[in-house]
Structure formats: C-alpha cells, structure tokens
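Read through the structure below, which is laid out as structure tokens, and then see the notes.
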Amino acid sequence: MFDLPTTNIGGPELFVLEFGDIVAYFSPYTAALFVFALIFTVLAIVSRPERQVDFAFGGDAYYTKEVEANLLRFQRFMAIACGLATLGAMVTGDVFNFTLFASLVGITNIGIVAAYRNRHVLNAAFQYGIVVMLATVPLFGGAAIVLASTGTLSMWELFTGAVAVPLFAKAFLVLGVMGEGMAPFYIAKAEITRAQGAPFVLMVHVSSLLLFLRVIEIVLSM
Amino acid sequence: MEIAYPVGLVVFAAAIIIGFTALVREKDDLHRILLTDLAEILALVLIALVATDLAEALILPGLVVGISELMAVSEVYIAKEGLRAPQEPPFRIEVMDSAPGILALILVAYGIVLSGFTGGVIAAVGAVFYFMCRGHIEQFELIETVSGYAWAFWIGAFFIFMFLPGYWFFAVMIAGGAILIKVMAKMSLVGTMRGGGPDV
C-alpha cells in the first residue's frame, strides 16, 4: 500500500507503521540513523558518569570536582529524553511532527547543559536558549509554508514529483533545525564541553548530527 | 484567502524585521527573553495564516513547545543570575485572605462544566489564584502525578478512536475529562514554579 515515492536518497521503505494519516517508516538511511541514536540512548542509560579532575598548572596537585547526585540524575534524564526525541525525529513521516521533535531536542539540550552550576556554562546555556527560541520561527514557519503551499504535511505526499515545495520553505526548515539542534556547534561548544558528565553531554552532539542528516534527507527528497 | 495570505505574509515580514532588529539592539538579558517570546508568537502567526482546521490543530503544539522553551530559558536565567524567591509575598490585600476558597471553587466548578481546553484554563485560573493567595509548598508533586495520569488517559482515548471507533462517545468523554485535568494541572504550575530548592 505504501511505497516511498523517491528511493534514490533514503532507499526503499523497510517498515511502515500507520497511525491514521501519520505514517512512520524506516528506510535503510533512517534505520541506520535510528540504530545509531538507539545505541547512544542505551549508552546514556547504562553508563556511569565521569568524575572530572582539575590539575593545578605548574605543580603535581589536583583536585576532584564534586558533582551533586540529583543534578547528575536530572542530566541523565534529559539525555535519555533527548535520545528518545532524536529517535522520534528519525522515524517520523510527517513534517510537523519532525519540527516538534526537533524543538524537543532543543529543549532537552538546554536541560542537559543547564544542569551545572557554573556561571560560564549557564551563560552559554542561556545564549543557546535564546537561539533555540528564535529558531522556532523559521522551523514552524517552514512547516506552515509547506502546508500553505502544498496542502499537506505528509512526507509520503511531499516526496512525490507532483508536489512542488517552494525553496523558501526548505531553507526555513534547514535554518530552523540548525538553530534548534545545532546551536552548540557555533555558540557554546567550548563552554558546553566544559560541563561535567561525559556520556550525557555527548548526547547534545549526537542529536545535532542526526537531526541535520535527517533534515537534509527530507529537504532533498521534497 | 487569496488576498489575506500575501498581506499576512507582508505583515509577518515587517514584524519579524522589527522583532529581530530589537533583539540585536537589546543588551539586557531579561528584555531579550521577553523579545524572543514576542518573536516566537510570529511562528504561530505564520501557522495561523494557513487558516484551516489542520493549522488550528498545529497551533497548540507550537504554543506548548514555545512556552516550555520559555520556561526552560527562564529557569536558566534565574540560576545564572542567582535570583531567589522573595521571602515574603510582594503584595497582600484583604481579598487575598477572604476570597480564595470560594472563588477558586466557583472557577473550578465552572471549568468542569465547560470541560475540554477552555474548562481546563478556567479551572486553572482558580487553582492559580488559590495557590497565589494560600502559598504553594508541596502540592506540586501531587499535581504533576495527576497530570501524568490524565495525559495517559487522554492518549488512551485516542487509541480507542483509532482501534475501536465504535466506542467513540466513551473515548470523547475520557479525552474531555482528561484534557480538563491536564490543562488545569499544567496551567496551575505556570507562574508558581520557583525551582524548589534553596540553591535556585
């Protein structure tokens, strides 16, 4: 019943799950991304957090940083939620659902970073939060323009050759995802990686990488 | 529709230019939060311009995402600036001592009569007023738990719609009641949440 209209980018569909008119699917491409996200989510669940050690420069002294258990627990929860949002963004077959998952990734990224009481890290998280909030304008705006110009949000319709999505909407969508998921790369990466909790901070980077790969696939297929 | 959409787009473009210019010029962090919230409304404007039933359904998740981002950034701001909850209430007037019980009761009861989203908001106003006047120490965990169960019921009702369409009336009643409780619980958290711990 369901055949992916374009198979030259994501490959043919492997599995289709139908919720009314919202149809989630796996293609070889998205399945690979899904497995990648799943591995890192499982890592965030099972791994033990790192303990940071600061060396005093010029001597052999060092001191270990105390990390509160409840902050770590919060950070782990946010990392797992971020992994689940990434999984959702990989499988969804609906543009608006994709934008919602992308903004969920943005919120959880703020949460991962903000669970640390260092002034510089909090400042970086704040700037990132401002960008995330601004990025919802092009993100939802892109989805709204897609809906207004084509009358549908389903990727099954949008990927067919009969439906032409304006370049403007595609640009908005990519811009929005860059703001939501990828802000650490240009704003706060140095400050964020200063935050403790190695496996959890890693999730920020994994989610932004996967989101970008997915949005590029969507935009090329449309 | 043919005229309204381009005109709306022009207004949107003007608004977004004004908003982003203001953001670039503004240096105060608190004001920047408020300006980003204004800019975020523009995304909803763009969705609303589509003016179909589907667009109407898309506004709500957009709004929820926007509010949750605003709350997350505000919490970061509070932690960043080291702000603390005020020790004593900022203002105290006589009606806040005598009215909360009866007023909250009326609002919540009227909200239950309305049911659905609107009822949830009305009932939430009653709950917010009550908490504002009577203090809010440890009701939050209970509210969050109730909200979680109500959400699960809401989703369950949608599964009934999908898999057992014949029982739609039953599902409508479950969904209406659950969304009432969920919206009320969520709304009553807005504005009263202050981190909780002494370190925030």
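The chains in the structure tokens are called A, B, ... from first to last as shown; in each chain the residues are counted from 1, and the ligands are counted from 1 in the order shown.
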Inset, instruction - Pick out the residues sitting within 12 Å of Ser98 (chain B), and hand them over as a count of residues only; count only C-alpha atoms, and ignore anything fewer than 5 positions along from it in its own chain. - result: 7
Please, which residues in chain B fall within 9 Å of chain A when counting only C-alpha atoms, and what is the closest atom pair and distance in Å to one decimal for each, ordered by chain then residue number, as CSV?
residue,atom,partner,partner_atom,distance
B:Asp29,CA,A:Phe126,CA,8.9
B:Arg32,CA,A:Ile130,CA,7.8
B:Ile33,CA,A:Ile130,CA,6.9
B:Thr36,CA,A:Leu134,CA,6.0
B:Asp37,CA,A:Met133,CA,7.4
B:Ala39,CA,A:Leu134,CA,6.6
B:Glu40,CA,A:Val137,CA,5.8
B:Ile41,CA,A:Val137,CA,8.1
B:Leu42,CA,A:Val137,CA,6.5
B:Ala43,CA,A:Val137,CA,4.4
B:Leu44,CA,A:Phe140,CA,7.6
B:Val45,CA,A:Gly141,CA,8.7
B:Leu46,CA,A:Gly141,CA,5.7
B:Ile47,CA,A:Ala144,CA,4.9
B:Ala48,CA,A:Ala144,CA,8.3
B:Leu49,CA,A:Ala148,CA,8.3
B:Val50,CA,A:Ala148,CA,5.4
B:Ala51,CA,A:Ala148,CA,8.8
B:Ala55,CA,A:Ala144,CA,7.8
B:Leu58,CA,A:Phe96,CA,7.9
B:Pro61,CA,A:Leu100,CA,7.6
B:Gly62,CA,A:Phe140,CA,7.4
B:Val65,CA,A:Ser103,CA,7.1
B:Gly66,CA,A:Met133,CA,7.0
B:Ser68,CA,A:Ile107,CA,7.7
B:Glu69,CA,A:Ile107,CA,6.0
B:Leu70,CA,A:Met133,CA,7.4
B:Ala72,CA,A:Ile107,CA,7.2
B:Val73,CA,A:Gly129,CA,5.5
B:Ser74,CA,A:Phe126,CA,8.5
B:Glu75,CA,A:Ala114,CA,8.8
B:Val76,CA,A:Phe126,CA,6.1
B:Tyr77,CA,A:Phe126,CA,6.5
B:Ala79,CA,A:Leu122,CA,7.5
B:Lys80,CA,A:Leu122,CA,5.6
B:Glu81,CA,A:Arg119,CA,8.6
B:Met162,CA,A:Gly20,CA,7.2
Identify, on the basis of only C-alpha atoms, every residue whose closest approach to Met90 (chain A) does not exceed 7 Å; exclude the query and any residue fewer than 5 positions from it along the same chain; express the result as a PDB file with C-alpha atoms, in the first residue's frame.
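And here is the file that came out, result_11.pdb:
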ATOM      1  CA  THR A  30      16.700   6.410   8.545  1.00  0.00           C
ATOM      2  CA  LEU A  33      20.334   6.765  11.894  1.00  0.00           C
ATOM      3  CA  PHE A  34      17.761   5.221  14.241  1.00  0.00           C
ATOM      4  CA  ARG A 214      17.673  13.739   8.620  1.00  0.00           C
TER       5      ARG A 214
END
Taking 4 positions as the minimum chain separation for residues in the same chain, which residues sit within 7 Å of Met222 (chain A) when counting only C-alpha atoms? Answer as an mmCIF file with C-alpha atoms, in the first residue's frame.
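part_12.cif, written as the output of this step:
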data_model
loop_
_atom_site.group_PDB
_atom_site.id
_atom_site.type_symbol
_atom_site.label_atom_id
_atom_site.label_comp_id
_atom_site.auth_asym_id
_atom_site.auth_seq_id
_atom_site.Cartn_x
_atom_site.Cartn_y
_atom_site.Cartn_z
ATOM 1 C CA LEU A 158 5.592 15.727 -0.383
ATOM 2 C CA PHE A 159 8.193 13.313 -1.738
ATOM 3 C CA VAL A 165 7.697 22.637 -2.249
ATOM 4 C CA ILE A 218 13.893 15.415 3.910
#
Inset, instruction - Any chance you could list, as a ChimeraX atom specification, the residues in chain A that come up alpha helix (DSSP H) when DSSP is run on the backbone? - result: /A:28-46,69-91,95-114,119-150,155-158,167-181,189-192,198-221
Legend entry - Residue with smallest distance to Ala102 (chain A) - pool A:Gln75, A:Ser208, A:Ser221, A:Thr150, counting only C-alpha atoms: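 Of all the options, A:Ser208 lies closest to Ala102 (chain A).
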Inset, instruction - Check the DSSP output for the backbone and give back, as a ChimeraX atom specification, the residues of region 23-210 of chain A in strand (DSSP E or B). - result: /A:23-26,53-55,62-64,94,154
Just to be explicit: take each residue in the selection above, keep N, CA and C atoms, and write the result as an mmCIF file, in the first residue's frame.
data_model
loop_
_atom_site.group_PDB
_atom_site.id
_atom_site.type_symbol
_atom_site.label_atom_id
_atom_site.label_comp_id
_atom_site.auth_asym_id
_atom_site.auth_seq_id
_atom_site.Cartn_x
_atom_site.Cartn_y
_atom_site.Cartn_z
ATOM 1 N N VAL A 23 2.101 8.442 9.054
ATOM 2 C CA VAL A 23 2.703 7.148 8.751
ATOM 3 C C VAL A 23 4.198 7.205 9.016
ATOM 4 N N ALA A 24 4.637 6.543 10.096
ATOM 5 C CA ALA A 24 6.071 6.460 10.377
ATOM 6 C C ALA A 24 6.666 5.341 9.545
ATOM 7 N N TYR A 25 7.950 5.484 9.185
ATOM 8 C CA TYR A 25 8.550 4.462 8.329
ATOM 9 C C TYR A 25 10.058 4.378 8.570
ATOM 10 N N PHE A 26 10.619 3.277 8.154
ATOM 11 C CA PHE A 26 12.064 3.092 8.111
ATOM 12 C C PHE A 26 12.492 2.938 6.664
ATOM 13 N N VAL A 53 38.589 15.756 37.014
ATOM 14 C CA VAL A 53 39.731 16.095 37.859
ATOM 15 C C VAL A 53 40.400 17.319 37.270
ATOM 16 N N ASP A 54 40.631 18.326 38.093
ATOM 17 C CA ASP A 54 41.346 19.514 37.638
ATOM 18 C C ASP A 54 42.781 19.447 38.133
ATOM 19 N N PHE A 55 43.720 19.632 37.217
ATOM 20 C CA PHE A 55 45.123 19.675 37.611
ATOM 21 C C PHE A 55 45.536 21.119 37.825
ATOM 22 N N TYR A 62 46.252 18.188 42.289
ATOM 23 C CA TYR A 62 44.997 18.113 41.535
ATOM 24 C C TYR A 62 43.853 18.062 42.533
ATOM 25 N N TYR A 63 42.690 18.462 42.066
ATOM 26 C CA TYR A 63 41.516 18.318 42.924
ATOM 27 C C TYR A 63 40.351 17.779 42.116
ATOM 28 N N THR A 64 39.547 16.947 42.756
ATOM 29 C CA THR A 64 38.399 16.352 42.070
ATOM 30 C C THR A 64 37.181 17.234 42.292
ATOM 31 N N ASP A 94 6.065 12.793 8.991
ATOM 32 C CA ASP A 94 5.232 13.989 8.938
ATOM 33 C C ASP A 94 6.104 15.190 9.260
ATOM 34 N N SER A 154 2.339 15.462 5.008
ATOM 35 C CA SER A 154 2.821 14.085 4.985
ATOM 36 C C SER A 154 3.979 13.951 4.014
#
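Taking CA of Met182 (chain A) and CA of Pro49 (chain A) as the two end points, the separation is 23.5 Å.
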Residue neighbourhood Val128 (chain B), 6 Å, only C-alpha atoms, exclusion window fewer than 4 positions, as a PDB file with N, CA and C atoms, in the first residue's frame:
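Output file selection_25.pdb is given in full below:
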ATOM      1  N   ALA B 124      -7.923  26.249  35.857  1.00  0.00           N
ATOM      2  CA  ALA B 124      -6.539  26.547  36.233  1.00  0.00           C
ATOM      3  C   ALA B 124      -6.421  27.936  36.822  1.00  0.00           C
ATOM      4  N   MET B 132      -1.732  31.277  44.704  1.00  0.00           N
ATOM      5  CA  MET B 132      -1.118  32.587  44.863  1.00  0.00           C
ATOM      6  C   MET B 132      -1.447  33.157  46.242  1.00  0.00           C
ATOM      7  N   SER B 188      -1.695  25.540  36.241  1.00  0.00           N
ATOM      8  CA  SER B 188      -1.511  25.998  37.614  1.00  0.00           C
ATOM      9  C   SER B 188      -0.043  25.933  38.021  1.00  0.00           C
TER      10      SER B 188
END
Legend entry - Shell around Ala171 (chain A) at 10 Å using only C-alpha atoms, local window under 2 positions removed, as a PyMOL selection string: chain A and resi 138-139+142+166-169+173-176+219
Legend entry - Among listed residues A:Ala162, A:Leu210, A:Val201, A:Val105, nearest Leu84 (chain A) (using only C-alpha atoms):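 Among the listed residues, the smallest separation from Leu84 (chain A) belongs to A:Val105.
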Inset, instruction - Return the single residue from B:Phe158, B:Ala171, B:Ala123, B:Thr145 that is closest to Val183 (chain B), with distances computed using only C-alpha atoms. - result: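 Ranking B:Phe158, B:Ala171, B:Ala123, B:Thr145 by distance to Val183 (chain B), first place goes to B:Ala123.
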